[in-house]
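I have placed the structure first, in the form of structure tokens, so that the comments after it can refer back to it.
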Amino acid sequence: MHKKYSKKYTFIKKLSKAAVMLALIMIMIAPASGCHNIDFSLPFYTMTPRRTSRPKSTVNATSSPSENRDYNETEKPQSTADVTIGDGTLEVHFINVGQGDSIFIRQGDKTMLIDAGERDQGTVVTKYLNKLHIDNIDYLVGTHPHSDHIGGLATVIKSIPVDNAIIPDIEHDTKTYENFIVALLDKEIETFPAEAGDTYSLGDAEFKILAPVRDDYEDLNNWSVVIKLTYGEKSFLFTGDAESLAETDIINSGYDLSADVLKVGHHGSATSSTLKFLKKVSPEYGIISCGVDNSYGHPDPIITKRLANMKITTYSTHTVGTVIVTSDGKTIEIKTEK
């Protein structure tokens with residue numbers, strides 16, 4: 001069996017096993033709880049992803065960071081309420097979901113959602129997408145199995161049609177993870193393991209999966225799906241919770257990491273955003289997603305100082321709320337909720 005298809009088969013088998021185990025429990029409690037109508041006989045993995053057969057070459061534009069910016073010294077961005085989107089625009093919404101991640105991307109009529117925060121944030125994300133009149137998600141990405149990333153995805157999946165899902169080939173023994181997998185199965189969503197090097201189209205933009213690079217990480221954070229999105233001359237790097245080990249592996253992979261906008265890894269934790277990695281990315285803007293007065297102390301002062309020293313203009317959802325970045329492929333504009 002071809003290696004790629006062998007991996008796909010193993011992936012389905014693992015996920016289906018977890019789902020079936022949960023199903024047995026649900027069946028046992030069904031008379032009391034009213035659980036029903038979940039058909040686990042449906043195929044989970046039946047088609048190839050909608051990736052470009054011949055990926056277009058990305059434009060490796062490297063931004064020149066401003067020399068007059070510091071952490072939280074933004075350029076008085078407009079409120080997100082003032083955002084006007086054109087058809088030729090890429091929009092990236094860093095949704096404020098407290099201590100977690102959720103990023104919505106749209107180019108033309110194509111959409112992608114990366115994570116949806118904790119379970120109680122699923123409704124927040126769904127309502128946000130409803131306000132944008134989103135009636136379909138082309139790609140849904142669960143970066144890794146931690147609840148502050150995939151917790152709200154089950155709610156989104158139940159509320160908005162999803163065509164394809166991309167997740168790392170790793171299990172996690174939690175109810176939150178099982179709820180997520182069951183939602184994918186119940187809605188018959190085509191689901192694929194994230195494979196570094198795969199490139200997909202998103203309208204006139206494209207995104208490339210850079211990680212996970214290895215399949216032997218012990219820390220779930222390092223299994224994070226890392227994505228580089230390119231639109232015209234501008235690019236974005238979304239890192240999930242990838243920590244220093246994964247960052248080193250990504251660097252060693254030889255990928256072009258340069259990006260204009262960086263989703264700062266692991267909510268601004270000191271476990272991520274090494275100096276070497278930041279120099280490779282060389283972003284003009286950094287976005288941190290974390291909660292107000294969170295117990296982890298995110299963002300870590302070590303990281304905010306490092307970003308400031310590199311003249312990276314940084315926005316954090318815990319201070320400015322939702323951040324919307326728009327681009328026409330040549331320029332970037334940033335607006336914030338507060």
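By convention here, the chains of the structure tokens are called A, B, ... in the order presented, each chain's residues are numbered starting at 1, and ligands are numbered starting at 1 in the order presented.
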Report the closest atom pair, with its distance in Å rounded to one decimal, for each residue of range 103-222 of chain A that has an atom no farther than 7 Å from range 249-267 of chain A; count only C-alpha atoms, sort by chain and then rising residue number, and write it as JSON lines.
{"residue": "A:Leu210", "atom": "CA", "partner": "A:Ile250", "partner_atom": "CA", "distance": 6.8}
{"residue": "A:Ala211", "atom": "CA", "partner": "A:Ile250", "partner_atom": "CA", "distance": 6.7}
{"residue": "A:Val213", "atom": "CA", "partner": "A:Asp249", "partner_atom": "CA", "distance": 6.5}
Can you list, as a compact mmCIF listing (two decimals) with N, CA and C atoms, in the first residue's frame, every protein, DNA or RNA residue that comes within 7 Å of Ile227 in chain A when you count only C-alpha atoms, leaving out same-chain residues fewer than 6 positions away?
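The result, written out as part_19.txt:
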# COMPACT_ATOMS: atom_id res chain seq x y z
N PHE A 207 -2.73 28.34 0.71
CA PHE A 207 -2.06 28.09 1.98
C PHE A 207 -1.30 26.77 1.93
N LYS A 208 -0.18 26.77 2.63
CA LYS A 208 0.70 25.61 2.66
C LYS A 208 0.87 25.13 4.09
N ILE A 209 0.78 23.84 4.29
CA ILE A 209 0.99 23.26 5.61
C ILE A 209 2.48 23.06 5.83
N LEU A 210 3.01 23.65 6.90
CA LEU A 210 4.44 23.55 7.20
C LEU A 210 4.73 22.57 8.33
N LEU A 237 1.49 33.79 8.80
CA LEU A 237 1.93 32.52 9.36
C LEU A 237 1.13 32.25 10.63
N PHE A 238 0.41 31.11 10.63
CA PHE A 238 -0.41 30.71 11.77
C PHE A 238 0.26 29.51 12.44
N THR A 239 0.57 29.62 13.72
CA THR A 239 1.45 28.64 14.36
C THR A 239 0.81 27.78 15.44
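Taking CA of Val323 in chain A as the reference point, CA of Asn96 in chain A is found at 7.7 Å.
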